[in-house]
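A.B. asks: Contents of target.cif (mmCIF, C-alpha atoms) are given next:
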data_work
#
loop_
_atom_site.label_atom_id
_atom_site.label_comp_id
_atom_site.auth_asym_id
_atom_site.auth_seq_id
_atom_site.Cartn_x
_atom_site.Cartn_y
_atom_site.Cartn_z
CA MET F 1 -80.54 -43.44 17.21
CA ARG F 2 -80.58 -45.94 14.34
CA VAL F 3 -78.35 -48.98 14.17
CA ASP F 4 -77.74 -50.56 10.76
CA VAL F 5 -75.69 -53.68 10.10
CA GLU F 6 -75.25 -55.01 6.57
CA GLY F 7 -73.26 -57.89 5.09
CA LEU F 8 -71.38 -58.57 8.32
CA ARG F 9 -68.79 -61.32 8.18
CA VAL F 10 -66.66 -62.23 11.19
CA ASP F 11 -63.93 -64.88 11.42
CA LEU F 12 -62.45 -66.15 14.67
CA ALA F 13 -59.54 -68.58 14.83
CA GLY F 14 -59.89 -69.25 11.11
CA ARG F 15 -63.60 -70.10 11.36
CA ARG F 16 -66.47 -68.07 9.92
CA ILE F 17 -68.71 -67.03 12.83
CA LEU F 18 -71.07 -64.63 11.03
CA HIS F 19 -72.17 -64.97 7.41
CA ASP F 20 -73.46 -61.75 5.81
CA ALA F 21 -75.50 -60.83 8.89
CA ALA F 22 -77.86 -57.87 8.74
CA LEU F 23 -79.74 -55.95 11.38
CA ALA F 24 -81.72 -52.71 11.44
CA ALA F 25 -83.00 -51.00 14.57
CA ALA F 26 -84.96 -47.78 14.41
CA ASP F 27 -84.50 -44.96 16.89
CA GLY F 28 -85.95 -46.04 20.24
CA GLU F 29 -86.66 -49.61 19.14
CA PHE F 30 -86.04 -52.67 21.34
CA VAL F 31 -84.65 -55.44 19.12
CA GLY F 32 -83.97 -58.88 20.56
CA LEU F 33 -81.48 -61.41 19.21
CA VAL F 34 -82.39 -65.04 19.83
CA GLY F 35 -80.92 -68.35 18.77
CA PRO F 36 -79.05 -71.36 20.16
CA ASN F 37 -75.64 -71.09 21.79
CA GLY F 38 -72.99 -70.52 19.15
CA SER F 39 -75.40 -68.97 16.68
CA GLY F 40 -73.51 -65.66 16.54
CA LYS F 41 -75.59 -63.41 18.82
CA THR F 42 -72.68 -62.28 21.00
CA THR F 43 -70.39 -61.86 18.00
CA LEU F 44 -72.91 -59.62 16.27
CA LEU F 45 -73.32 -57.47 19.36
CA ARG F 46 -69.55 -57.24 19.90
CA SER F 47 -69.23 -55.88 16.37
CA VAL F 48 -71.82 -53.19 17.12
CA TYR F 49 -70.00 -51.89 20.20
CA ARG F 50 -66.56 -52.09 18.55
CA ALA F 51 -65.15 -54.96 20.58
CA LEU F 52 -64.69 -57.17 17.51
CA ARG F 53 -63.80 -55.92 14.04
CA PRO F 54 -65.50 -57.74 11.15
CA ILE F 55 -63.60 -58.78 8.04
CA SER F 56 -66.29 -57.18 5.89
CA GLY F 57 -69.63 -55.47 6.12
CA VAL F 58 -70.95 -52.25 7.61
CA VAL F 59 -71.86 -51.41 11.19
CA ALA F 60 -73.41 -47.95 11.38
CA VAL F 61 -74.70 -46.15 14.47
CA GLY F 62 -76.46 -42.88 13.77
CA GLY F 63 -75.55 -43.22 10.10
CA ASP F 64 -71.79 -43.37 10.72
CA GLU F 65 -69.61 -46.46 10.35
CA VAL F 66 -68.45 -47.20 13.90
CA TRP F 67 -64.94 -48.23 12.87
CA GLN F 68 -64.43 -44.85 11.23
CA LEU F 69 -65.40 -42.96 14.37
CA PRO F 70 -62.86 -42.05 17.06
CA ALA F 71 -63.13 -44.53 19.94
CA ARG F 72 -64.33 -41.84 22.33
CA GLU F 73 -67.11 -40.76 19.96
CA ALA F 74 -68.19 -44.37 19.42
CA ALA F 75 -68.37 -44.78 23.21
CA ARG F 76 -70.64 -41.72 23.38
CA ARG F 77 -73.08 -43.44 21.03
CA THR F 78 -73.15 -47.04 22.27
CA ALA F 79 -72.92 -48.49 25.78
CA ALA F 80 -72.57 -52.21 26.49
CA VAL F 81 -73.81 -54.41 29.33
CA LEU F 82 -72.09 -57.78 29.12
CA GLN F 83 -72.59 -61.25 30.54
CA ASP F 84 -71.06 -61.76 33.99
CA ASP F 85 -69.63 -58.24 33.87
CA VAL F 86 -67.86 -58.20 37.23
CA PRO F 87 -65.08 -55.66 37.89
CA ASP F 88 -61.60 -56.98 38.64
CA PHE F 89 -61.55 -55.02 41.89
CA GLU F 90 -64.07 -54.53 44.65
CA PHE F 91 -65.57 -51.31 43.32
CA SER F 92 -68.49 -49.71 45.06
CA VAL F 93 -71.73 -49.28 43.14
CA ARG F 94 -71.08 -45.56 42.83
CA GLU F 95 -67.58 -46.13 41.43
CA VAL F 96 -68.89 -48.57 38.82
CA VAL F 97 -71.58 -46.17 37.65
CA GLU F 98 -69.10 -43.28 37.57
CA LEU F 99 -67.08 -45.28 35.01
CA GLY F 100 -69.88 -44.56 32.56
CA ARG F 101 -68.76 -40.93 32.43
CA VAL F 102 -65.23 -41.73 31.19
CA PRO F 103 -66.04 -41.14 27.47
CA HIS F 104 -67.18 -37.62 28.37
CA LEU F 105 -64.01 -36.66 30.26
CA GLY F 106 -60.67 -35.43 29.03
CA ARG F 107 -57.49 -37.26 29.93
CA LEU F 108 -56.97 -37.12 33.72
CA GLU F 109 -60.07 -34.94 34.06
CA ARG F 110 -62.11 -35.41 37.21
CA LEU F 111 -65.88 -35.67 37.41
CA ARG F 112 -67.63 -32.33 37.02
CA ASP F 113 -70.96 -31.26 38.45
CA ASP F 114 -72.84 -32.33 35.32
CA ASP F 115 -71.13 -35.74 35.47
CA ARG F 116 -72.19 -36.21 39.08
CA GLN F 117 -75.73 -35.24 38.18
CA ALA F 118 -75.72 -37.79 35.35
CA VAL F 119 -74.52 -40.46 37.77
CA GLU F 120 -77.20 -39.63 40.34
CA GLN F 121 -79.89 -39.69 37.64
CA ALA F 122 -78.65 -43.04 36.32
CA LEU F 123 -78.65 -44.54 39.83
CA ALA F 124 -82.19 -43.32 40.41
CA THR F 125 -83.51 -44.51 37.03
CA ALA F 126 -82.02 -47.97 37.54
CA GLY F 127 -83.38 -48.11 41.08
CA VAL F 128 -80.02 -48.63 42.78
CA SER F 129 -79.48 -45.32 44.59
CA HIS F 130 -79.80 -47.11 47.93
CA LEU F 131 -76.86 -49.37 47.04
CA VAL F 132 -74.25 -46.70 46.28
CA GLU F 133 -71.89 -47.61 49.12
CA ARG F 134 -72.17 -51.37 48.64
CA GLY F 135 -69.45 -53.36 46.95
CA VAL F 136 -70.61 -54.77 43.62
CA GLY F 137 -69.41 -58.22 44.64
CA THR F 138 -71.87 -58.27 47.55
CA LEU F 139 -74.96 -57.73 45.38
CA SER F 140 -77.47 -60.23 44.09
CA GLY F 141 -77.47 -61.03 40.38
CA GLY F 142 -80.47 -58.80 39.71
CA GLU F 143 -79.00 -55.89 41.67
CA ARG F 144 -75.68 -56.24 39.88
CA GLN F 145 -77.30 -56.18 36.44
CA ARG F 146 -79.19 -53.02 37.38
CA VAL F 147 -75.90 -51.42 38.43
CA PHE F 148 -74.38 -52.18 35.04
CA VAL F 149 -77.48 -50.77 33.35
CA ALA F 150 -77.01 -47.68 35.52
CA ARG F 151 -73.42 -47.42 34.28
CA ALA F 152 -74.71 -47.55 30.71
CA LEU F 153 -77.28 -44.87 31.53
CA ALA F 154 -74.57 -42.66 33.03
CA GLN F 155 -72.70 -43.04 29.76
CA ALA F 156 -75.69 -41.18 28.26
CA THR F 157 -75.62 -43.00 24.94
CA PRO F 158 -78.58 -43.23 22.54
CA VAL F 159 -77.88 -46.96 22.02
CA ILE F 160 -77.46 -49.69 24.65
CA VAL F 161 -76.30 -53.21 23.74
CA LEU F 162 -76.86 -56.05 26.20
CA ASP F 163 -75.58 -59.62 26.01
CA GLU F 164 -77.93 -62.01 27.85
CA PRO F 165 -78.87 -59.42 30.51
CA ALA F 166 -81.38 -61.75 32.16
CA ASN F 167 -79.04 -64.75 32.31
CA HIS F 168 -78.88 -66.44 35.75
CA LEU F 169 -81.55 -64.12 37.20
CA ASP F 170 -84.71 -65.37 38.88
CA ILE F 171 -87.96 -64.62 37.06
CA ARG F 172 -88.81 -61.57 39.16
CA ALA F 173 -85.40 -60.01 38.53
CA GLN F 174 -85.69 -60.83 34.82
CA VAL F 175 -89.06 -59.10 34.54
CA GLU F 176 -87.93 -56.06 36.55
CA LEU F 177 -84.80 -55.65 34.43
CA LEU F 178 -86.63 -55.98 31.11
CA GLU F 179 -89.36 -53.60 32.30
CA LEU F 180 -86.61 -51.08 33.02
CA LEU F 181 -84.99 -51.57 29.61
CA ARG F 182 -88.35 -51.31 27.90
CA SER F 183 -89.00 -47.95 29.59
CA LEU F 184 -85.77 -46.30 28.43
CA PRO F 185 -85.92 -43.69 25.64
CA VAL F 186 -83.01 -45.29 23.77
CA THR F 187 -82.40 -47.93 21.12
CA VAL F 188 -81.84 -51.32 22.77
CA LEU F 189 -80.21 -54.39 21.21
CA ALA F 190 -80.27 -57.42 23.49
CA ALA F 191 -79.33 -61.07 23.09
CA LEU F 192 -81.95 -63.05 25.00
CA HIS F 193 -82.17 -66.71 25.87
CA ASP F 194 -85.83 -66.86 26.88
CA LEU F 195 -88.18 -66.71 23.89
CA ASN F 196 -91.16 -65.78 26.06
CA LEU F 197 -89.35 -62.75 27.47
CA ALA F 198 -88.21 -61.76 23.98
CA ALA F 199 -91.78 -61.94 22.70
CA ALA F 200 -93.10 -59.97 25.66
CA TYR F 201 -90.64 -57.07 25.62
CA CYS F 202 -89.08 -56.69 22.18
CA ASP F 203 -90.52 -54.67 19.31
CA ARG F 204 -88.86 -57.09 16.90
CA VAL F 205 -86.88 -60.30 17.24
CA LEU F 206 -83.96 -61.35 15.08
CA VAL F 207 -83.34 -65.11 14.92
CA LEU F 208 -79.82 -66.41 14.29
CA ALA F 209 -78.66 -69.93 13.53
CA ALA F 210 -75.16 -71.10 12.59
CA GLY F 211 -73.97 -67.54 12.07
CA ARG F 212 -76.80 -66.50 9.78
CA VAL F 213 -79.88 -64.38 10.29
CA VAL F 214 -82.78 -66.69 9.48
#
Write out the structure in this file as structure tokens.
C.D. replies:
Amino acid sequence: MRVDVEGLRVDLAGRRILHDAALAAADGEFVGLVGPNGSGKTTLLRSVYRALRPISGVVAVGGDEVWQLPAREAARRTAAVLQDDVPDFEFSVREVVELGRVPHLGRLERLRDDDRQAVEQALATAGVSHLVERGVGTLSGGERQRVFVARALAQATPVIVLDEPANHLDIRAQVELLELLRSLPVTVLAALHDLNLAAAYCDRVLVLAAGRVV
């Protein structure tokens, strides 16, 4: 599914964070966002997955402006994997991945057979089926990131947004995670710190500096 961002402006605490930012990702494309800390990468991604509303500009997923979609529909189009995304409670791996099915359930509705199948498939694709009974807090950094990718896969969205997914991982875990992301049949937007990894795995790279796409 396509992602199109045009003329995006975002202010935080009275300061302009993004200046007329633009981004275009074709269906199935892996687009990396690189730039120094504070350049606006996270802010741009937060606008895509509806965590931060811009003051102007357009963010469209699948041709529809995300802020005009119902929240549940937006969550069926875009999943997010965030930095240091650790649950507040000691959830098991299975429980975390099951959370990905929430946008597909009615209020107070329990998991159905097709939801359980989606969870099992996501666990298998992410390579974490053997960890289902483990607490997320007991996992290594690489294992934990794969669990959060599995949650995004269970969400069954055509777009996945990741904020520094390889941060704090050793090189083997970084490569394994990016190989997994590269293999997925979805559109991927990822903020990356390592330029070599971005060059190796991304179809295109967007460079940001001081809130502008350069």
A.B. asks: Can you list, as a ChimeraX atom specification, every protein, DNA or RNA residue that comes within 12 Å of Gly40 in chain F when you count all atoms listed in the file, leaving out same-chain residues fewer than 2 positions away?
C.D. replies: /F:8-12,16-22,33-38,42-47,163,191,206-214
A.B. asks: Got a sec to resolve the PyMOL selection byres ((chain F and resi 96-108) around 6) on this structure and send the residues as JSON, numbers by chain?
C.D. replies: {"F": [72, 93, 94, 95, 109, 151, 152, 154, 155]}
A.B. asks: Assuming the chain letters and numbering stay as they are in my file, what does the PyMOL selection byres ((chain F and resi 150) around 6) actually select? List them as a ChimeraX atom specification.
C.D. replies: /F:122-123,126,147-149,151-153
A.B. asks: Record the distance separating CA of Val186 in chain F and CA of Ile55 in chain F, expressed in Å with one decimal.
C.D. replies: 28.4 Å
A.B. asks: Written as a VMD selection string, which residues does the PyMOL selection byres ((chain F and resi 75) around 9) give for the file shown?
C.D. replies: chain F and resid 49 to 50 70 to 74 76 to 79 103 to 104 155 157
A.B. asks: Deliver the residues from the most recent selection as a file, using C-alpha atoms, as a PDB file, in the frame of the given file.
C.D. replies:
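Saved file result.pdb follows:
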ATOM      1  CA  TYR F  49     -70.000 -51.890  20.200  1.00  0.00           C
ATOM      2  CA  ARG F  50     -66.560 -52.090  18.550  1.00  0.00           C
ATOM      3  CA  PRO F  70     -62.860 -42.050  17.060  1.00  0.00           C
ATOM      4  CA  ALA F  71     -63.130 -44.530  19.940  1.00  0.00           C
ATOM      5  CA  ARG F  72     -64.330 -41.840  22.330  1.00  0.00           C
ATOM      6  CA  GLU F  73     -67.110 -40.760  19.960  1.00  0.00           C
ATOM      7  CA  ALA F  74     -68.190 -44.370  19.420  1.00  0.00           C
ATOM      8  CA  ARG F  76     -70.640 -41.720  23.380  1.00  0.00           C
ATOM      9  CA  ARG F  77     -73.080 -43.440  21.030  1.00  0.00           C
ATOM     10  CA  THR F  78     -73.150 -47.040  22.270  1.00  0.00           C
ATOM     11  CA  ALA F  79     -72.920 -48.490  25.780  1.00  0.00           C
ATOM     12  CA  PRO F 103     -66.040 -41.140  27.470  1.00  0.00           C
ATOM     13  CA  HIS F 104     -67.180 -37.620  28.370  1.00  0.00           C
ATOM     14  CA  GLN F 155     -72.700 -43.040  29.760  1.00  0.00           C
ATOM     15  CA  THR F 157     -75.620 -43.000  24.940  1.00  0.00           C
TER      16      THR F 157
END
A.B. asks: When you count all atoms listed in the file, which of these residues is closest to Ser92 in chain F: F:Gly137, F:Gly142, F:Gly127, F:Gly14?
C.D. replies: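 Of F:Gly137, F:Gly142, F:Gly127, F:Gly14, the one nearest Ser92 in chain F, counting all atoms listed in the file, is F:Gly137.
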A.B. asks: Render range 131-161 of chain F from the structure in the preceding block as a file of N, CA, C and O atoms, as a PDB file, in the first residue's frame.
C.D. replies:
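Produced file out_28.pdb, reproduced below:
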ATOM      1  N   LEU F 131       9.180 -18.874  21.857  1.00  0.00           N
ATOM      2  CA  LEU F 131       9.251 -17.983  23.017  1.00  0.00           C
ATOM      3  C   LEU F 131       7.881 -17.648  23.601  1.00  0.00           C
ATOM      4  O   LEU F 131       7.790 -16.817  24.510  1.00  0.00           O
ATOM      5  N   VAL F 132       6.818 -18.296  23.117  1.00  0.00           N
ATOM      6  CA  VAL F 132       5.456 -17.824  23.415  1.00  0.00           C
ATOM      7  C   VAL F 132       5.141 -17.723  24.901  1.00  0.00           C
ATOM      8  O   VAL F 132       4.368 -16.860  25.311  1.00  0.00           O
ATOM      9  N   GLU F 133       5.719 -18.582  25.712  1.00  0.00           N
ATOM     10  CA  GLU F 133       5.400 -18.569  27.143  1.00  0.00           C
ATOM     11  C   GLU F 133       6.354 -17.697  27.952  1.00  0.00           C
ATOM     12  O   GLU F 133       6.139 -17.503  29.156  1.00  0.00           O
ATOM     13  N   ARG F 134       7.366 -17.166  27.306  1.00  0.00           N
ATOM     14  CA  ARG F 134       8.340 -16.326  28.017  1.00  0.00           C
ATOM     15  C   ARG F 134       7.760 -14.944  28.283  1.00  0.00           C
ATOM     16  O   ARG F 134       6.973 -14.410  27.498  1.00  0.00           O
ATOM     17  N   GLY F 135       8.178 -14.338  29.373  1.00  0.00           N
ATOM     18  CA  GLY F 135       7.841 -12.948  29.621  1.00  0.00           C
ATOM     19  C   GLY F 135       8.690 -12.048  28.739  1.00  0.00           C
ATOM     20  O   GLY F 135       9.887 -12.311  28.552  1.00  0.00           O
ATOM     21  N   VAL F 136       8.110 -11.001  28.183  1.00  0.00           N
ATOM     22  CA  VAL F 136       8.847 -10.127  27.275  1.00  0.00           C
ATOM     23  C   VAL F 136      10.050  -9.502  27.975  1.00  0.00           C
ATOM     24  O   VAL F 136      11.103  -9.306  27.374  1.00  0.00           O
ATOM     25  N   GLY F 137       9.911  -9.218  29.255  1.00  0.00           N
ATOM     26  CA  GLY F 137      11.005  -8.606  29.997  1.00  0.00           C
ATOM     27  C   GLY F 137      12.211  -9.502  30.172  1.00  0.00           C
ATOM     28  O   GLY F 137      13.283  -9.028  30.549  1.00  0.00           O
ATOM     29  N   THR F 138      12.070 -10.803  29.911  1.00  0.00           N
ATOM     30  CA  THR F 138      13.191 -11.733  30.070  1.00  0.00           C
ATOM     31  C   THR F 138      13.968 -11.940  28.780  1.00  0.00           C
ATOM     32  O   THR F 138      14.963 -12.669  28.769  1.00  0.00           O
ATOM     33  N   LEU F 139      13.525 -11.314  27.681  1.00  0.00           N
ATOM     34  CA  LEU F 139      14.128 -11.568  26.372  1.00  0.00           C
ATOM     35  C   LEU F 139      15.336 -10.670  26.120  1.00  0.00           C
ATOM     36  O   LEU F 139      15.478  -9.595  26.717  1.00  0.00           O
ATOM     37  N   SER F 140      16.160 -11.101  25.193  1.00  0.00           N
ATOM     38  CA  SER F 140      17.249 -10.239  24.728  1.00  0.00           C
ATOM     39  C   SER F 140      16.666  -9.128  23.868  1.00  0.00           C
ATOM     40  O   SER F 140      15.503  -9.184  23.448  1.00  0.00           O
ATOM     41  N   GLY F 141      17.483  -8.123  23.572  1.00  0.00           N
ATOM     42  CA  GLY F 141      17.005  -7.016  22.751  1.00  0.00           C
ATOM     43  C   GLY F 141      16.534  -7.467  21.377  1.00  0.00           C
ATOM     44  O   GLY F 141      15.494  -7.038  20.882  1.00  0.00           O
ATOM     45  N   GLY F 142      17.307  -8.360  20.748  1.00  0.00           N
ATOM     46  CA  GLY F 142      16.937  -8.847  19.426  1.00  0.00           C
ATOM     47  C   GLY F 142      15.652  -9.652  19.455  1.00  0.00           C
ATOM     48  O   GLY F 142      14.794  -9.515  18.575  1.00  0.00           O
ATOM     49  N   GLU F 143      15.505 -10.513  20.464  1.00  0.00           N
ATOM     50  CA  GLU F 143      14.282 -11.301  20.599  1.00  0.00           C
ATOM     51  C   GLU F 143      13.077 -10.397  20.815  1.00  0.00           C
ATOM     52  O   GLU F 143      12.007 -10.595  20.224  1.00  0.00           O
ATOM     53  N   ARG F 144      13.263  -9.382  21.657  1.00  0.00           N
ATOM     54  CA  ARG F 144      12.143  -8.482  21.955  1.00  0.00           C
ATOM     55  C   ARG F 144      11.697  -7.729  20.708  1.00  0.00           C
ATOM     56  O   ARG F 144      10.499  -7.604  20.442  1.00  0.00           O
ATOM     57  N   GLN F 145      12.646  -7.250  19.913  1.00  0.00           N
ATOM     58  CA  GLN F 145      12.273  -6.539  18.689  1.00  0.00           C
ATOM     59  C   GLN F 145      11.511  -7.451  17.730  1.00  0.00           C
ATOM     60  O   GLN F 145      10.557  -7.036  17.070  1.00  0.00           O
ATOM     61  N   ARG F 146      11.923  -8.715  17.653  1.00  0.00           N
ATOM     62  CA  ARG F 146      11.203  -9.654  16.795  1.00  0.00           C
ATOM     63  C   ARG F 146       9.778  -9.882  17.297  1.00  0.00           C
ATOM     64  O   ARG F 146       8.851 -10.064  16.503  1.00  0.00           O
ATOM     65  N   VAL F 147       9.598  -9.875  18.603  1.00  0.00           N
ATOM     66  CA  VAL F 147       8.246 -10.023  19.161  1.00  0.00           C
ATOM     67  C   VAL F 147       7.377  -8.841  18.754  1.00  0.00           C
ATOM     68  O   VAL F 147       6.207  -9.009  18.379  1.00  0.00           O
ATOM     69  N   PHE F 148       7.934  -7.642  18.798  1.00  0.00           N
ATOM     70  CA  PHE F 148       7.138  -6.470  18.425  1.00  0.00           C
ATOM     71  C   PHE F 148       6.873  -6.439  16.920  1.00  0.00           C
ATOM     72  O   PHE F 148       5.827  -5.955  16.487  1.00  0.00           O
ATOM     73  N   VAL F 149       7.796  -6.970  16.132  1.00  0.00           N
ATOM     74  CA  VAL F 149       7.518  -7.132  14.707  1.00  0.00           C
ATOM     75  C   VAL F 149       6.403  -8.158  14.521  1.00  0.00           C
ATOM     76  O   VAL F 149       5.505  -7.976  13.686  1.00  0.00           O
ATOM     77  N   ALA F 150       6.434  -9.230  15.311  1.00  0.00           N
ATOM     78  CA  ALA F 150       5.370 -10.230  15.239  1.00  0.00           C
ATOM     79  C   ALA F 150       4.015  -9.613  15.583  1.00  0.00           C
ATOM     80  O   ALA F 150       2.997  -9.930  14.948  1.00  0.00           O
ATOM     81  N   ARG F 151       3.989  -8.731  16.572  1.00  0.00           N
ATOM     82  CA  ARG F 151       2.730  -8.051  16.909  1.00  0.00           C
ATOM     83  C   ARG F 151       2.232  -7.232  15.716  1.00  0.00           C
ATOM     84  O   ARG F 151       1.040  -7.232  15.401  1.00  0.00           O
ATOM     85  N   ALA F 152       3.161  -6.544  15.050  1.00  0.00           N
ATOM     86  CA  ALA F 152       2.783  -5.776  13.859  1.00  0.00           C
ATOM     87  C   ALA F 152       2.280  -6.699  12.752  1.00  0.00           C
ATOM     88  O   ALA F 152       1.314  -6.372  12.049  1.00  0.00           O
ATOM     89  N   LEU F 153       2.908  -7.862  12.590  1.00  0.00           N
ATOM     90  CA  LEU F 153       2.455  -8.809  11.582  1.00  0.00           C
ATOM     91  C   LEU F 153       1.074  -9.345  11.921  1.00  0.00           C
ATOM     92  O   LEU F 153       0.230  -9.532  11.032  1.00  0.00           O
ATOM     93  N   ALA F 154       0.816  -9.602  13.193  1.00  0.00           N
ATOM     94  CA  ALA F 154      -0.507 -10.071  13.603  1.00  0.00           C
ATOM     95  C   ALA F 154      -1.571  -9.016  13.331  1.00  0.00           C
ATOM     96  O   ALA F 154      -2.742  -9.354  13.095  1.00  0.00           O
ATOM     97  N   GLN F 155      -1.166  -7.770  13.347  1.00  0.00           N
ATOM     98  CA  GLN F 155      -2.097  -6.674  13.044  1.00  0.00           C
ATOM     99  C   GLN F 155      -2.528  -6.707  11.580  1.00  0.00           C
ATOM    100  O   GLN F 155      -3.545  -6.114  11.212  1.00  0.00           O
ATOM    101  N   ALA F 156      -1.733  -7.420  10.762  1.00  0.00           N
ATOM    102  CA  ALA F 156      -2.075  -7.679   9.353  1.00  0.00           C
ATOM    103  C   ALA F 156      -2.298  -6.400   8.566  1.00  0.00           C
ATOM    104  O   ALA F 156      -3.257  -6.271   7.802  1.00  0.00           O
ATOM    105  N   THR F 157      -1.397  -5.443   8.750  1.00  0.00           N
ATOM    106  CA  THR F 157      -1.495  -4.178   8.031  1.00  0.00           C
ATOM    107  C   THR F 157      -0.606  -4.217   6.795  1.00  0.00           C
ATOM    108  O   THR F 157       0.426  -4.898   6.781  1.00  0.00           O
ATOM    109  N   PRO F 158      -0.952  -3.462   5.753  1.00  0.00           N
ATOM    110  CA  PRO F 158      -0.102  -3.389   4.562  1.00  0.00           C
ATOM    111  C   PRO F 158       1.076  -2.434   4.718  1.00  0.00           C
ATOM    112  O   PRO F 158       1.929  -2.357   3.830  1.00  0.00           O
ATOM    113  N   VAL F 159       1.119  -1.698   5.834  1.00  0.00           N
ATOM    114  CA  VAL F 159       2.217  -0.754   6.097  1.00  0.00           C
ATOM    115  C   VAL F 159       2.724  -0.980   7.517  1.00  0.00           C
ATOM    116  O   VAL F 159       1.931  -1.095   8.453  1.00  0.00           O
ATOM    117  N   ILE F 160       4.052  -1.045   7.667  1.00  0.00           N
ATOM    118  CA  ILE F 160       4.671  -1.124   8.991  1.00  0.00           C
ATOM    119  C   ILE F 160       5.676   0.016   9.123  1.00  0.00           C
ATOM    120  O   ILE F 160       6.517   0.221   8.243  1.00  0.00           O
ATOM    121  N   VAL F 161       5.572   0.746  10.225  1.00  0.00           N
ATOM    122  CA  VAL F 161       6.458   1.867  10.529  1.00  0.00           C
ATOM    123  C   VAL F 161       7.320   1.477  11.724  1.00  0.00           C
ATOM    124  O   VAL F 161       6.802   0.982  12.733  1.00  0.00           O
TER     125      VAL F 161
END
